[in-house]
Amino acid sequence: MMTRKDMVLLGGALVPALALLFPQHGLAQGTAAAEAEAGEAIVVTGSRIAQVSADAPNPVTVVTARDIADSGTTNLTDFLTIVPALHHPADSFETSGNRAGIGMTGLNLLNLRNLGTQRTLVLIDGRRQVASVAGTQSVDINTIPLDLVERVEVLTGGASAVYGADGVSGVVNFIQKQDFEGVTARIQTGISGKGDAGQRLIALTAGHNFAGGRGNVAVAWEHGEEDRLSAHSRSYLTGENKVDFYHNPADTEAGLVGNDGIPDNVPLRNIRYFDTSRAGGIDVNFDGVPDFVGGDGQLFDHGTIIAPGYQQGGSGTLVSDYGNDLLPRIKRDVVSASAHFDVSDALTLYAEGKYAHSRSFTLGQPTFDYYLFIPQDNPYLPAAVQAAIDPAIGGVLVNRDNFDFGRRGEDITRETLRSVVGARGEISPNLRYDLSYVFGQTKVKSRYVNNMLTDRYLAAIDAVSDGNGGVTCRVNTQSGWTPFQPYNRNRAPIPPVTFTAGDCQPLNLFGENKASNRAALDWIMADTTDRTTLTQHVVSGALTGDTHGMLELPGGPISFALGGEYRSEKSSFVADPLVSQGLTFTSALGDSKGSFDVWELFGEVNVPILADMAFAHRLSVNGAVRYSDYSSVGSTSAWKLGGEWAPVRDVTFRGSYSKSVRAPNISELYTGASQTAQLINDPCGVANVQNGTPYRAANCSALLSGLGADPATFNGVVGQGIAGFGVGNPNLEEETAKTWTAGAVLQPGFLPRLTLSADWYDIRIRNAVSVVAPQALANLCVDQASLDNPYCGAITRQNGGTGAGNITSFQLTPFNVAQIRTSGLDFALAYSVPTASAGTFGARVMANYLHRLTAVPIPGAATVNNAYVAGAPKYQITADLTWQSGGFGLDWQINYASAVYRYDRQTIAGNPDIVAPEYLKLKERFSHDLSLTYDVGDQFTLYGGVNNLFNQKPDLGSLNTPISAVGRYVFVGARVKLADLFGGAR
């Protein structure tokens, strides 16, 4: 969705070791191992071969249902951000207001290792779920019932070989509760310290074992609500109070180039757009600067011009007025059912079903206009303006922010169906099978409110006298009417399409809330609806077992898994007819559909070489391989090698090396053409032709000469947006990633309830799919050794005539051109101390050190360093101090994230005085969450807590860093366990 800002642009050391004594909710890999050591085996599914977390070659971070409940949030994604590897998701903040892409409102998508939601594979019980975003594999976490989650496992490395494509950064696997018996109910409510941003949850689950425990059936219903939160509900984000960083009036540098030691940018309040007003900025001199304000026609007060596009004080529209939602409104209902029956040891039949319904709503920015030509005969023009109009020009230009028309918004309904049927059992004591079929379908209805019909709007603002003392539209009186072209839209004039002459209602633009009548606004505004359908079929089968009794090594029998899978994905997007024709304020969207299927074979093996020997308490190696045949990209292969060595019982060393793949998704391959507009500084212009590679000058000369332009005098289009289209690329290839991990797990015998782990990870993605920006496309076309390259095919230039050689259009197409790399260290600690009289004390820690996060966006481009900027802090620590005694439980959690740079690293490197040193970084996060539970007997639990106890706020100039604007949040809830529906206690 085009924003006001888009248009303006167009015109450390790790925290001291003492901090590790402080706590957090999330159970890490070490914690799972500690519980297993105590006798409660935690079997993880980072592999199809059952194993304890500490024995796995890849680090697996685990969080439990109790951790989720203690967090107080009803939004799973909010909770999972405590896992450092999932720190920066596409959460409710990112999918609200003007940040939400078209059709994205209210989604919650996980982003593992900051490598993108499209590279994070989300599974439920090791199986796929249908996506929630057109043309992708991205799963909306809102569709996963909170109360059915037993635990969540986060795996880095080798996931593609084990579970298939899309997991180049890893896997997040939601494990659901099984064999549920009895009835439980939970109710929870929470609200911010400001009395807003409320969340509510009601959950009911009922299950029953039958046939002597051979069968089980369970049903569950969950209803969740999250309230919409507007930026205008926080005083420091609205009105003249809003602070942001703008050009320093005292700076002596010309055009922000150089380094005079004076900060280029300083925090300022009361900042406004210099060229527009909510009541209409009226330009009578056609110099791009308003002279009057609509309404009574008072002179436009230009305040203090502080930077191109902005002024401090005066008549311009406050930048803060464009602040919109910080969180969307979300209502969701999820109904689930599951059943299984053990016919015999050789056959268990099972089935699952789920229906998830969610509705999300957010308000963004209003419509806005630049340089609308209004003829002098418009009756609504204020008298003072009429008197100042030059008759030779015959009119004025109007820039306006249409808040009085209402903000644009998205109201999106999503329905997800998922069913699983299958059979599993023992073929022999050492061999098991599992066959399953998964069907999923998501339907999305995206309704956009307060959209503007362009042809009606242009007709309504072209008002004239009706000759009887009233006002009408020119189109009502003049046949063959064509509207005056609004300069900012870069479209050909639009004649009447959605109406008939005589229907037009005249509209008064001069003054806020001065619309001629409500009927005029109703006539120009329209709600539009897009529809998306995604369908998934997955058939899979696997054999798992070991060689016990047939072949045993000194370390034990060899474990293995073999299997195959067929998967079909289909996506269809149908735009509203008004939108697809380009008749609304939003850019034109094209219909798109596509599908692919894939056949796969996979295998895993774990070879325990030695066990219980000197210097080899345990020594094993393991591997996995997957062969895939896609209808879209052909055959691919992924593999993994790993190993563990525990020289003594207390210490284990582990590591892995793997190749993962991600086949391009449907939207990257088959998206239909959608309209957009961008500025392009022509690389063949005389001022730029020497700035590229050695090939540029010769290529530009040949290109321009062939189109009838003179290379020696060519400048190209300057200062105007160029219309273009985005479209998929069916010739894409798969991405590949090489990942290695190396770490150690410490479980000292003298402290039997202590587990420490540290693991280094390094992920390199090559051939990554990336959409090349229009400016880069134009540069790449002429910077190659030959003009015969895919980039030139995406740029259209005029052939002959006036403007020969000018770029007239472009096509944004994804290419396999990017390289991405990240590396860092994960650390986990878990320790508990039981006492005879004072209860059990515990400490749990998850921490991450981010060493690298870089990207090469296109071949030959400089490496972009994305580490230590917003969303990617250098250090993260989440820690919990816990206490449990009798029915009481206490959890004090501290979340720490180190300070991040306010500007990107490349800008800072090239402009060291961009801001004063004290503002170079956004401050660190240091928040405290406190939760308390009390068990009233065995069947009733009360709980509550306070998140962000000390009410930390976003830093100056930020909406969500280092913490959200929700502020202090209080929650209470209750859980009750009832008897079995058919008699007997659980």
# chains A, B, ... in the order shown; residues from 1 in each chain; ligands from 1

$ residues_around --residues "region 650-667 of chain A" --least-positions-apart "3" --cutoff "6 Å" --atoms "only C-alpha atoms" --output "ChimeraX atom specification"
/A:57,135-136,158,160,165-166,168,594,638-646,670-671,734-748

$ select_by_dssp --residues "region 149-328 of chain A" --states "strand (DSSP E)" --output "MDAnalysis selection string"
chainID A and resid 149:155 170:176 182:192 199:210 215:226 229:230 244:247 265:268 271:273 281:283 292:293 304:307 310:312 325:327

$ closest_residue --among "A:Glu924, A:Asp260, A:Asp377, A:Glu415" --to "Tyr355 (chain A)" --atoms "only C-alpha atoms"
A:Glu415

$ closest_residue --among "A:Arg626, A:His928, A:Arg407, A:His302" --to "Asn895 (chain A)" --atoms "only C-alpha atoms"
A:His928

$ closest_residue --among "A:Gln176, A:Thr362, A:Asn142, A:Asp147" --to "Glu94 (chain A)" --atoms "only C-alpha atoms"
A:Thr362

$ closest_residue --among "A:Val396, A:Val60, A:Ile282, A:Ala501" --to "Phe484 (chain A)" --atoms "only C-alpha atoms"
A:Val396

$ closest_atom_pairs --of "region 306-364 of chain A" --to "region 75-79 of chain A" --cutoff "12 Å" --atoms "only C-alpha atoms" --output "Markdown table"
| residue | atom | partner | partner_atom | distance |
| --- | --- | --- | --- | --- |
| A:Leu327 | CA | A:Asp78 | CA | 11.9 |
| A:Ile330 | CA | A:Asn75 | CA | 10.1 |
| A:Lys331 | CA | A:Asn75 | CA | 11.2 |
| A:Arg332 | CA | A:Asn75 | CA | 10.8 |

$ closest_atom_pairs --of "region 494-598 of chain A" --to "region 676-700 of chain A" --cutoff "10 Å" --atoms "only C-alpha atoms" --output "JSON lines"
{"residue": "A:Thr586", "atom": "CA", "partner": "A:Thr676", "partner_atom": "CA", "distance": 9.3}
{"residue": "A:Ser587", "atom": "CA", "partner": "A:Thr676", "partner_atom": "CA", "distance": 6.0}
{"residue": "A:Ala588", "atom": "CA", "partner": "A:Thr676", "partner_atom": "CA", "distance": 7.7}
{"residue": "A:Leu589", "atom": "CA", "partner": "A:Thr676", "partner_atom": "CA", "distance": 9.2}

$ residues_around --residues "Val385 (chain A)" --least-positions-apart "2" --cutoff "9 Å" --atoms "only C-alpha atoms" --output "list in words"
Ile282, Val284, Asp291, Phe292, Gly294, Gly297, Gln298, Leu381, Pro382, Ala383, Ala387, Ala388, Ile389 and Val396 of chain A

$ residues_around --residues "region 184-192 of chain A" --least-positions-apart "4" --cutoff "6 Å" --atoms "only C-alpha atoms" --output "PDB file with N, CA and C atoms, in the first residue's frame"
ATOM      1  N   ASP A 196      -5.739  -0.277  27.430  1.00  0.00           N
ATOM      2  CA  ASP A 196      -5.998  -0.694  26.055  1.00  0.00           C
ATOM      3  C   ASP A 196      -5.128  -1.896  25.719  1.00  0.00           C
ATOM      4  N   ALA A 197      -5.062  -2.237  24.428  1.00  0.00           N
ATOM      5  CA  ALA A 197      -4.270  -3.390  23.954  1.00  0.00           C
ATOM      6  C   ALA A 197      -4.667  -4.668  24.685  1.00  0.00           C
ATOM      7  N   GLY A 198      -5.952  -4.824  24.946  1.00  0.00           N
ATOM      8  CA  GLY A 198      -6.424  -5.985  25.687  1.00  0.00           C
ATOM      9  C   GLY A 198      -6.331  -7.276  24.894  1.00  0.00           C
ATOM     10  N   GLN A 199      -6.184  -8.384  25.631  1.00  0.00           N
ATOM     11  CA  GLN A 199      -6.217  -9.719  25.049  1.00  0.00           C
ATOM     12  C   GLN A 199      -7.122 -10.588  25.911  1.00  0.00           C
ATOM     13  N   ARG A 200      -7.879 -11.473  25.259  1.00  0.00           N
ATOM     14  CA  ARG A 200      -8.775 -12.367  25.974  1.00  0.00           C
ATOM     15  C   ARG A 200      -8.723 -13.748  25.337  1.00  0.00           C
ATOM     16  N   LEU A 201      -8.873 -14.774  26.172  1.00  0.00           N
ATOM     17  CA  LEU A 201      -8.808 -16.151  25.686  1.00  0.00           C
ATOM     18  C   LEU A 201      -9.788 -17.015  26.466  1.00  0.00           C
ATOM     19  N   ILE A 202     -10.527 -17.819  25.744  1.00  0.00           N
ATOM     20  CA  ILE A 202     -11.368 -18.861  26.333  1.00  0.00           C
ATOM     21  C   ILE A 202     -11.022 -20.161  25.617  1.00  0.00           C
ATOM     22  N   ALA A 203     -10.756 -21.207  26.376  1.00  0.00           N
ATOM     23  CA  ALA A 203     -10.401 -22.482  25.761  1.00  0.00           C
ATOM     24  C   ALA A 203     -11.095 -23.613  26.503  1.00  0.00           C
ATOM     25  N   LEU A 204     -11.654 -24.559  25.743  1.00  0.00           N
ATOM     26  CA  LEU A 204     -12.293 -25.750  26.289  1.00  0.00           C
ATOM     27  C   LEU A 204     -11.721 -26.962  25.568  1.00  0.00           C
ATOM     28  N   THR A 205     -11.356 -27.975  26.333  1.00  0.00           N
ATOM     29  CA  THR A 205     -10.829 -29.206  25.751  1.00  0.00           C
ATOM     30  C   THR A 205     -11.455 -30.392  26.480  1.00  0.00           C
ATOM     31  N   ARG A 968       3.383  -1.424  30.201  1.00  0.00           N
ATOM     32  CA  ARG A 968       3.090  -2.409  31.239  1.00  0.00           C
ATOM     33  C   ARG A 968       1.781  -3.133  30.918  1.00  0.00           C
ATOM     34  N   TYR A 969       1.792  -4.455  31.121  1.00  0.00           N
ATOM     35  CA  TYR A 969       0.635  -5.279  30.753  1.00  0.00           C
ATOM     36  C   TYR A 969       0.332  -6.229  31.908  1.00  0.00           C
ATOM     37  N   VAL A 970      -0.917  -6.254  32.336  1.00  0.00           N
ATOM     38  CA  VAL A 970      -1.347  -7.067  33.470  1.00  0.00           C
ATOM     39  C   VAL A 970      -2.312  -8.134  32.976  1.00  0.00           C
ATOM     40  N   PHE A 971      -2.165  -9.368  33.468  1.00  0.00           N
ATOM     41  CA  PHE A 971      -3.064 -10.443  33.050  1.00  0.00           C
ATOM     42  C   PHE A 971      -3.433 -11.317  34.242  1.00  0.00           C
ATOM     43  N   VAL A 972      -4.618 -11.917  34.159  1.00  0.00           N
ATOM     44  CA  VAL A 972      -5.081 -12.890  35.141  1.00  0.00           C
ATOM     45  C   VAL A 972      -5.803 -13.988  34.393  1.00  0.00           C
ATOM     46  N   GLY A 973      -5.823 -15.167  34.987  1.00  0.00           N
ATOM     47  CA  GLY A 973      -6.506 -16.272  34.343  1.00  0.00           C
ATOM     48  C   GLY A 973      -6.767 -17.400  35.311  1.00  0.00           C
ATOM     49  N   ALA A 974      -7.527 -18.370  34.849  1.00  0.00           N
ATOM     50  CA  ALA A 974      -7.844 -19.541  35.659  1.00  0.00           C
ATOM     51  C   ALA A 974      -7.949 -20.751  34.754  1.00  0.00           C
ATOM     52  N   ARG A 975      -7.495 -21.900  35.284  1.00  0.00           N
ATOM     53  CA  ARG A 975      -7.635 -23.180  34.602  1.00  0.00           C
ATOM     54  C   ARG A 975      -8.370 -24.139  35.525  1.00  0.00           C
ATOM     55  N   VAL A 976      -9.274 -24.918  34.969  1.00  0.00           N
ATOM     56  CA  VAL A 976     -10.004 -25.897  35.763  1.00  0.00           C
ATOM     57  C   VAL A 976      -9.972 -27.240  35.051  1.00  0.00           C
ATOM     58  N   LYS A 977      -9.766 -28.295  35.832  1.00  0.00           N
ATOM     59  CA  LYS A 977      -9.791 -29.655  35.310  1.00  0.00           C
ATOM     60  C   LYS A 977     -11.012 -30.354  35.872  1.00  0.00           C
ATOM     61  N   LEU A 978     -11.825 -30.881  34.999  1.00  0.00           N
ATOM     62  CA  LEU A 978     -13.055 -31.536  35.404  1.00  0.00           C
ATOM     63  C   LEU A 978     -12.934 -33.035  35.206  1.00  0.00           C
TER      64      LEU A 978
END

$ closest_residue --among "A:Tyr791, A:Thr500, A:Glu225, A:Gly103" --to "Phe573 (chain A)" --atoms "only C-alpha atoms"
A:Gly103

$ residues_around --residues "Ala100 (chain A)" --least-positions-apart "5" --cutoff "9 Å" --atoms "only C-alpha atoms" --output "list of chain:residue names"
A:Met1, A:Phe93, A:Glu94, A:Thr95, A:Thr105, A:Gly106, A:Thr362, A:Gly364

$ atom_distance --atom1 "CA of Tyr437 (chain A)" --atom2 "CA of Ile144 (chain A)"
19.0 Å

$ select_by_dssp --residues "region 448-551 of chain A" --states "alpha helix (DSSP H)" --output "list in words"
Thr454, Asp455, Arg456, Tyr457, Leu458, Ala459, Ala460, Ile461, Arg474, Val475, Asn476, Thr477, Arg518, Ala519, Ala520, Leu521, Asp522, Trp523 and Ile524 of chain A

$ write_last_selection --atoms "C-alpha atoms" --output "short mmCIF file (atom, residue, chain, number, x, y, z; two decimals), in the first residue's frame"
data_model
loop_
_atom_site.label_atom_id
_atom_site.label_comp_id
_atom_site.auth_asym_id
_atom_site.auth_seq_id
_atom_site.Cartn_x
_atom_site.Cartn_y
_atom_site.Cartn_z
CA THR A 454 -10.25 7.44 -9.26
CA ASP A 455 -12.61 8.33 -12.09
CA ARG A 456 -15.34 9.46 -9.70
CA TYR A 457 -12.93 11.44 -7.57
CA LEU A 458 -11.48 13.32 -10.55
CA ALA A 459 -14.99 14.09 -11.76
CA ALA A 460 -16.23 15.20 -8.32
CA ILE A 461 -13.40 17.70 -7.69
CA ARG A 474 -18.38 19.53 -15.11
CA VAL A 475 -18.97 15.99 -16.37
CA ASN A 476 -22.70 16.49 -15.72
CA THR A 477 -22.77 19.42 -18.13
CA ARG A 518 -21.90 13.24 2.76
CA ALA A 519 -23.33 11.94 -0.49
CA ALA A 520 -20.30 13.30 -2.35
CA LEU A 521 -17.92 11.31 -0.14
CA ASP A 522 -20.05 8.21 -0.33
CA TRP A 523 -20.09 8.52 -4.12
CA ILE A 524 -16.29 8.60 -4.52
#

$ residues_around --residues "Leu318 (chain A)" --least-positions-apart "3" --cutoff "6 Å" --atoms "only C-alpha atoms" --output "CSV table (one decimal) with C-alpha atoms, in the first residue's frame"
chain,number,residue,atom,x,y,z
A,271,ILE,CA,7.5,18.4,12.2
A,272,ARG,CA,5.2,18.8,9.2
A,321,ASP,CA,-1.0,12.6,11.9

$ residues_around --residues "Val319 (chain A)" --least-positions-apart "6" --cutoff "12 Å" --atoms "only C-alpha atoms" --output "ChimeraX atom specification"
/A:3-5,8,237-246,268-278,309-313,365,401

$ atom_distance --atom1 "CA of Gln129 (chain A)" --atom2 "CA of Val438 (chain A)"
8.0 Å
